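> This structure is in structure tokens; I'll ask about it shortly.
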Amino acid sequence: MEPVLRIKQDIRQAAGQVAAGKDPDMALLFCYIAACGGNCALPAPDLLGMNKERLQKARSLLVLHGVCSDSEGPQKPRKEVEVDPGELKVARTGDAAFAGLCDYYEGTLGRMMKKSELEILYSVYEGLGLPAEVLMLLINYCAGQKRLTVRFFEQEAYKWAKDGVETYAQAEQYLANLEQRHSRQGEIMRLFGIYDRKLSESEQRLVDKWISYGYDNDLIALAYDRTVLRTGALKWPYLDSILESWRTAGYRNRADVEKNEGQQ
């Protein structure tokens with residue numbers, strides 16, 4: 001399915017943000033979308049006189065600057081990345097920010113990068129337009145997760161971009177939120193007696209939802225206790241249905257539930 005781009009703001013406000021971005025390809029793509037009524041599929045690159053890489057970068061910039069939303073977010077990592085060796089050499093020797101990023105990655109990795117690794121690092125740096133200092137924070141995060149591979153780095157970079165991380169301050173806040181989220185996840189897993197495995201994707205989505213709703217540990221523990229008593233095991237959908245019923249009833253904590261027990 002082709003991604004659909006939509007201008008999110010008043011056209012004058014959006015145009016001002018595009019002008020502030022100072023990227024001609026982003027401006028051209030924005031004009032095309034506006035001419036289509038503010039809502040259209042991503043055009044073919046040659047229609048705007050661009051190649052695929054320039055068009056995807058323009059699309060990513062529109063999304064990152066909050067001008068447009070689309071059905072996918074920033075472009076997804078490609079399975080195979082090939083960059084002209086001459087372009088890589090020029091970037092490594094002539095772009096101080098990229099050269100510093102390479103040195104930092106290799107220093108953290110403890111060895112020189114392979115050509116394939118350098119190509120992926122460059123494709124992320126060039127394709128997403130994230131500042132080198134933001135990508136350095138991402139390198140630290142990957143190392144802290146004991147997953148400092150270029151593929152994991154690439155995957156997380158696209159996720160950060162899709163989530164709107166553009167500046168060093170935003171990246172710091174993003175990491176702080178991640179740390180808080182991981183801490184809460186660990187607390188909830190311990191409530192359920194889960195110590196020897198990671199959560200599945202569906203379990204992760206439920207836990208993230210409960211955290212976003214502001215459920216405290218006491219409330220989740222009470223729902224877990226009710227679930228085990230009534231079903232004999234940890235049944236995630238059943239536990240979630242209990243929490244949803246309490247949310248609908250306006251109960252925010254264990255005290256609210258216990259206070260209204262007689263009315264259920």
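Following the order of the structure tokens, first chain is A, next is B, and so on, with residues numbered from 1 inside each chain and ligands from 1 in the order they appear.
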Based on DSSP run over this structure's backbone, return all residues of region 137-224 of chain A in alpha helix (DSSP H), as a CSV table (one decimal) with N, CA, C and O atoms, in the first residue's frame.


```csv
chain,number,residue,atom,x,y,z
A,137,LEU,N,24.0,9.7,21.1
A,137,LEU,CA,23.1,9.2,22.2
A,137,LEU,C,22.5,7.9,21.9
A,137,LEU,O,22.4,7.0,22.8
A,138,LEU,N,22.1,7.7,20.6
A,138,LEU,CA,21.5,6.4,20.2
A,138,LEU,C,22.5,5.3,20.3
A,138,LEU,O,22.2,4.2,20.7
A,139,ILE,N,23.8,5.6,19.9
A,139,ILE,CA,24.9,4.6,20.1
A,139,ILE,C,25.0,4.2,21.5
A,139,ILE,O,25.1,3.0,21.8
A,140,ASN,N,25.0,5.2,22.4
A,140,ASN,CA,25.1,4.8,23.9
A,140,ASN,C,23.9,4.0,24.3
A,140,ASN,O,24.1,3.0,25.1
A,141,TYR,N,22.7,4.3,23.8
A,141,TYR,CA,21.6,3.5,24.2
A,141,TYR,C,21.7,2.0,23.7
A,141,TYR,O,21.5,1.1,24.4
A,142,CYS,N,22.1,1.8,22.4
A,142,CYS,CA,22.3,0.5,21.9
A,142,CYS,C,23.4,-0.3,22.7
A,142,CYS,O,23.2,-1.5,23.0
A,143,ALA,N,24.5,0.4,23.0
A,143,ALA,CA,25.5,-0.2,23.8
A,143,ALA,C,25.0,-0.6,25.2
A,143,ALA,O,25.3,-1.7,25.7
A,144,GLY,N,24.1,0.2,25.8
A,144,GLY,CA,23.6,-0.1,27.1
A,144,GLY,C,22.6,-1.2,27.1
A,144,GLY,O,22.5,-2.0,28.1
A,150,VAL,N,24.8,-2.5,13.8
A,150,VAL,CA,24.3,-1.4,12.9
A,150,VAL,C,22.8,-1.7,12.6
A,150,VAL,O,22.1,-0.7,12.3
A,151,ARG,N,22.4,-2.9,12.5
A,151,ARG,CA,21.0,-3.2,12.2
A,151,ARG,C,20.1,-2.7,13.3
A,151,ARG,O,19.0,-2.2,13.0
A,152,PHE,N,20.5,-3.0,14.5
A,152,PHE,CA,19.7,-2.5,15.7
A,152,PHE,C,19.7,-1.0,15.7
A,152,PHE,O,18.7,-0.4,16.0
A,153,PHE,N,20.9,-0.4,15.5
A,153,PHE,CA,21.1,1.0,15.5
A,153,PHE,C,20.1,1.6,14.4
A,153,PHE,O,19.4,2.6,14.7
A,154,GLU,N,20.1,1.0,13.3
A,154,GLU,CA,19.3,1.5,12.2
A,154,GLU,C,17.8,1.4,12.5
A,154,GLU,O,17.1,2.4,12.3
A,155,GLN,N,17.4,0.3,13.0
A,155,GLN,CA,16.0,0.1,13.4
A,155,GLN,C,15.6,1.1,14.4
A,155,GLN,O,14.5,1.7,14.3
A,156,GLU,N,16.4,1.3,15.5
A,156,GLU,CA,16.0,2.3,16.5
A,156,GLU,C,16.1,3.7,16.0
A,156,GLU,O,15.2,4.6,16.4
A,157,ALA,N,17.0,4.0,15.1
A,157,ALA,CA,17.1,5.4,14.5
A,157,ALA,C,15.8,5.7,13.8
A,157,ALA,O,15.2,6.9,13.9
A,158,TYR,N,15.2,4.8,13.0
A,158,TYR,CA,14.0,5.1,12.3
A,158,TYR,C,12.8,5.2,13.3
A,158,TYR,O,11.9,6.0,13.0
A,159,LYS,N,12.9,4.4,14.3
A,159,LYS,CA,11.8,4.5,15.4
A,159,LYS,C,11.9,5.9,16.1
A,159,LYS,O,10.9,6.5,16.3
A,160,TRP,N,13.1,6.3,16.4
A,160,TRP,CA,13.2,7.6,17.0
A,160,TRP,C,12.7,8.7,16.1
A,160,TRP,O,12.0,9.6,16.5
A,161,ALA,N,13.1,8.6,14.8
A,161,ALA,CA,12.6,9.6,13.9
A,161,ALA,C,11.1,9.6,13.8
A,161,ALA,O,10.5,10.7,13.7
A,162,LYS,N,10.5,8.5,13.7
A,162,LYS,CA,9.1,8.4,13.6
A,162,LYS,C,8.4,9.0,14.8
A,162,LYS,O,7.3,9.5,14.8
A,168,TYR,N,19.0,17.2,20.4
A,168,TYR,CA,19.6,16.5,21.6
A,168,TYR,C,18.7,16.5,22.8
A,168,TYR,O,18.6,15.5,23.5
A,169,ALA,N,18.1,17.7,23.1
A,169,ALA,CA,17.2,17.7,24.2
A,169,ALA,C,16.0,16.8,24.1
A,169,ALA,O,15.7,16.1,25.1
A,170,GLN,N,15.5,16.6,22.9
A,170,GLN,CA,14.4,15.7,22.7
A,170,GLN,C,14.9,14.3,22.9
A,170,GLN,O,14.2,13.4,23.5
A,171,ALA,N,16.1,14.0,22.5
A,171,ALA,CA,16.6,12.6,22.6
A,171,ALA,C,16.9,12.3,24.1
A,171,ALA,O,16.6,11.2,24.5
A,172,GLU,N,17.4,13.3,24.8
A,172,GLU,CA,17.6,13.0,26.3
A,172,GLU,C,16.3,12.7,27.0
A,172,GLU,O,16.2,11.8,27.8
A,173,GLN,N,15.2,13.5,26.6
A,173,GLN,CA,13.9,13.3,27.2
A,173,GLN,C,13.3,11.9,26.8
A,173,GLN,O,12.7,11.2,27.6
A,174,TYR,N,13.6,11.6,25.5
A,174,TYR,CA,13.1,10.3,25.0
A,174,TYR,C,13.7,9.1,25.7
A,174,TYR,O,13.0,8.2,26.1
A,175,LEU,N,15.0,9.3,26.0
A,175,LEU,CA,15.7,8.2,26.7
A,175,LEU,C,15.3,8.1,28.2
A,175,LEU,O,15.1,7.0,28.7
A,176,ALA,N,15.0,9.3,28.8
A,176,ALA,CA,14.5,9.3,30.2
A,176,ALA,C,13.1,8.6,30.2
A,176,ALA,O,12.9,7.8,31.2
A,177,ASN,N,12.3,8.9,29.2
A,177,ASN,CA,11.0,8.2,29.2
A,177,ASN,C,11.1,6.7,29.0
A,177,ASN,O,10.3,5.9,29.6
A,178,LEU,N,12.0,6.3,28.1
A,178,LEU,CA,12.3,4.9,27.9
A,178,LEU,C,12.7,4.2,29.2
A,178,LEU,O,12.3,3.1,29.5
A,179,GLU,N,13.6,4.9,29.9
A,179,GLU,CA,14.1,4.3,31.2
A,179,GLU,C,13.0,4.1,32.2
A,179,GLU,O,12.9,3.1,32.8
A,180,GLN,N,12.2,5.1,32.3
A,180,GLN,CA,11.0,5.1,33.2
A,180,GLN,C,10.1,4.0,32.8
A,180,GLN,O,9.6,3.2,33.6
A,181,ARG,N,9.8,3.8,31.5
A,181,ARG,CA,8.9,2.8,31.0
A,181,ARG,C,9.5,1.4,31.3
A,181,ARG,O,8.8,0.5,31.7
A,182,HIS,N,10.8,1.2,31.0
A,182,HIS,CA,11.4,-0.1,31.3
A,182,HIS,C,11.4,-0.4,32.7
A,182,HIS,O,11.2,-1.6,33.1
A,183,SER,N,11.5,0.6,33.6
A,183,SER,CA,11.5,0.4,35.0
A,183,SER,C,10.1,-0.1,35.4
A,183,SER,O,9.9,-1.1,36.2
A,184,ARG,N,9.1,0.5,34.9
A,184,ARG,CA,7.7,0.1,35.2
A,184,ARG,C,7.4,-1.3,34.7
A,184,ARG,O,6.7,-2.1,35.3
A,185,GLN,N,7.9,-1.5,33.5
A,185,GLN,CA,7.7,-2.9,32.9
A,185,GLN,C,8.2,-3.9,33.8
A,185,GLN,O,7.6,-5.0,34.1
A,186,GLY,N,9.4,-3.7,34.3
A,186,GLY,CA,10.1,-4.6,35.2
A,186,GLY,C,9.3,-4.8,36.5
A,186,GLY,O,9.1,-6.0,37.0
A,187,GLU,N,8.7,-3.8,37.0
A,187,GLU,CA,7.9,-3.9,38.3
A,187,GLU,C,6.7,-4.7,38.0
A,187,GLU,O,6.3,-5.6,38.8
A,188,ILE,N,6.0,-4.5,36.9
A,188,ILE,CA,4.8,-5.2,36.5
A,188,ILE,C,5.1,-6.7,36.3
A,188,ILE,O,4.4,-7.6,36.7
A,189,MET,N,6.2,-7.0,35.6
A,189,MET,CA,6.6,-8.4,35.4
A,189,MET,C,6.9,-9.1,36.7
A,189,MET,O,6.5,-10.3,36.9
A,190,ARG,N,7.5,-8.4,37.7
A,190,ARG,CA,7.7,-9.0,39.0
A,190,ARG,C,6.4,-9.2,39.7
A,190,ARG,O,6.3,-10.2,40.5
A,191,LEU,N,5.4,-8.3,39.6
A,191,LEU,CA,4.1,-8.5,40.2
A,191,LEU,C,3.5,-9.9,39.7
A,191,LEU,O,2.8,-10.6,40.4
A,201,GLU,N,5.1,-9.6,22.1
A,201,GLU,CA,4.7,-8.3,21.6
A,201,GLU,C,3.3,-7.9,22.1
A,201,GLU,O,3.0,-6.8,22.4
A,202,SER,N,2.4,-8.9,22.1
A,202,SER,CA,1.0,-8.6,22.6
A,202,SER,C,1.0,-8.3,24.1
A,202,SER,O,0.3,-7.4,24.5
A,203,GLU,N,1.8,-9.0,24.9
A,203,GLU,CA,1.9,-8.6,26.3
A,203,GLU,C,2.5,-7.3,26.5
A,203,GLU,O,2.1,-6.5,27.3
A,204,GLN,N,3.5,-6.9,25.7
A,204,GLN,CA,4.2,-5.6,25.7
A,204,GLN,C,3.2,-4.5,25.4
A,204,GLN,O,3.2,-3.5,26.1
A,205,ARG,N,2.3,-4.7,24.4
A,205,ARG,CA,1.3,-3.7,24.1
A,205,ARG,C,0.4,-3.5,25.3
A,205,ARG,O,0.0,-2.3,25.5
A,206,LEU,N,0.0,-4.5,25.9
A,206,LEU,CA,-1.0,-4.4,27.1
A,206,LEU,C,-0.3,-3.6,28.2
A,206,LEU,O,-0.9,-2.7,28.8
A,207,VAL,N,1.0,-4.0,28.5
A,207,VAL,CA,1.7,-3.4,29.6
A,207,VAL,C,1.9,-1.9,29.3
A,207,VAL,O,1.7,-1.0,30.2
A,208,ASP,N,2.3,-1.6,28.1
A,208,ASP,CA,2.5,-0.2,27.7
A,208,ASP,C,1.2,0.6,27.8
A,208,ASP,O,1.2,1.8,28.2
A,209,LYS,N,0.1,0.0,27.5
A,209,LYS,CA,-1.2,0.6,27.6
A,209,LYS,C,-1.5,0.9,29.0
A,209,LYS,O,-2.0,2.1,29.4
A,210,TRP,N,-1.3,0.0,29.9
A,210,TRP,CA,-1.6,0.2,31.3
A,210,TRP,C,-0.7,1.3,31.9
A,210,TRP,O,-1.2,2.1,32.7
A,211,ILE,N,0.5,1.3,31.5
A,211,ILE,CA,1.4,2.4,31.9
A,211,ILE,C,0.9,3.8,31.4
A,211,ILE,O,0.9,4.8,32.2
A,212,SER,N,0.5,3.8,30.2
A,212,SER,CA,0.0,5.1,29.6
A,212,SER,C,-1.2,5.6,30.3
A,212,SER,O,-1.5,6.8,30.3
A,217,ASN,N,0.8,0.2,40.6
A,217,ASN,CA,1.1,-1.2,40.8
A,217,ASN,C,0.1,-1.9,41.6
A,217,ASN,O,-0.3,-3.1,41.4
A,218,ASP,N,-0.5,-1.2,42.6
A,218,ASP,CA,-1.5,-1.8,43.5
A,218,ASP,C,-2.7,-2.2,42.7
A,218,ASP,O,-3.3,-3.2,42.9
A,219,LEU,N,-3.1,-1.3,41.8
A,219,LEU,CA,-4.3,-1.6,41.0
A,219,LEU,C,-4.1,-2.8,40.1
A,219,LEU,O,-5.0,-3.7,39.9
A,220,ILE,N,-2.9,-2.8,39.4
A,220,ILE,CA,-2.6,-3.9,38.6
A,220,ILE,C,-2.5,-5.2,39.3
A,220,ILE,O,-2.9,-6.3,38.9
A,221,ALA,N,-1.9,-5.1,40.6
A,221,ALA,CA,-1.8,-6.3,41.4
A,221,ALA,C,-3.1,-6.9,41.8
A,221,ALA,O,-3.4,-8.1,41.8
A,222,LEU,N,-4.1,-6.0,42.1
A,222,LEU,CA,-5.4,-6.4,42.4
A,222,LEU,C,-6.1,-7.1,41.3
A,222,LEU,O,-6.8,-8.1,41.4
A,223,ALA,N,-6.0,-6.5,40.1
A,223,ALA,CA,-6.5,-7.1,38.9
A,223,ALA,C,-5.9,-8.5,38.6
A,223,ALA,O,-6.6,-9.5,38.2
A,224,TYR,N,-4.6,-8.6,38.8
A,224,TYR,CA,-3.9,-9.9,38.7
A,224,TYR,C,-4.4,-10.9,39.6
A,224,TYR,O,-4.7,-12.1,39.3
```

> Quick one: residues within 12 Å of Lys114 (chain A), only C-alpha atoms, excluding same-chain residues fewer than 5 positions away - as a list in words?

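Here the qualifying residues turn out to be Cys102, Tyr105, Glu106, Leu109, Glu119, Ile120, Leu121, Thr149 and Val150 of chain A.
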
> Could you tell me how far CA of Ala44 (chain A) lies from CA of Tyr122 (chain A), in Å and to one decimal?

24.2 Å

> Of the residues A:Ala99, A:Ala15, A:Leu243, A:Leu199, which is the one nearest to Leu29 (chain A), using only C-alpha atoms?

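Nearest to Leu29 (chain A): A:Ala15.
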
> At a cut-off of 12 Å, using only C-alpha atoms, what residues contact Asp10 (chain A)? Leave out same-chain residues fewer than 5 positions from it and give the result as an mmCIF file with C-alpha atoms, in the first residue's frame.


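Final output, part_12.cif:
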```cif
data_model
loop_
_atom_site.group_PDB
_atom_site.id
_atom_site.type_symbol
_atom_site.label_atom_id
_atom_site.label_comp_id
_atom_site.auth_asym_id
_atom_site.auth_seq_id
_atom_site.Cartn_x
_atom_site.Cartn_y
_atom_site.Cartn_z
ATOM 1 C CA ALA A 15 4.381 26.726 4.707
ATOM 2 C CA GLY A 16 6.213 28.758 7.341
ATOM 3 C CA GLN A 17 7.627 25.594 8.894
ATOM 4 C CA ALA A 34 -0.753 21.256 -1.271
ATOM 5 C CA GLY A 38 -3.356 18.576 1.094
ATOM 6 C CA GLY A 66 5.334 17.936 12.027
ATOM 7 C CA VAL A 67 4.089 19.401 8.739
ATOM 8 C CA CYS A 68 2.638 16.135 7.436
#
```

> Among the residues of region 19-130 of chain A, find those DSSP assigns to strand (DSSP E or B) from the backbone and print them as a VMD selection string.

chain A and resid 39 to 41 68 to 70

> With only C-alpha atoms as the atoms that count, which of A:Leu61, A:Leu28, A:Ala255, A:Leu229 lies nearest to Pro45 (chain A)?

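Nearest to Pro45 (chain A): A:Leu28.
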
> For Lys57 (chain A), which residue among A:Ala20, A:Val257, A:Ala35, A:Leu128 is the nearest when counting only C-alpha atoms?

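Closest residue, counting only C-alpha atoms: A:Leu128.
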
> Nearest residue to Thr108 (chain A) out of A:Ala14, A:Ala41, A:Lys146, A:Gly127, using only C-alpha atoms?

A:Lys146

> If you measure from CA of His65 (chain A) to CA of Val165 (chain A), what distance in Å do you get, rounded to one decimal?

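Computing the Euclidean distance for CA of His65 (chain A) and CA of Val165 (chain A) yields 9.8 Å.
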
> From the list A:Asp103, A:Asp25, A:Glu82, A:Glu166, which residue is nearest Val134 (chain A) when using only C-alpha atoms?

A:Glu166
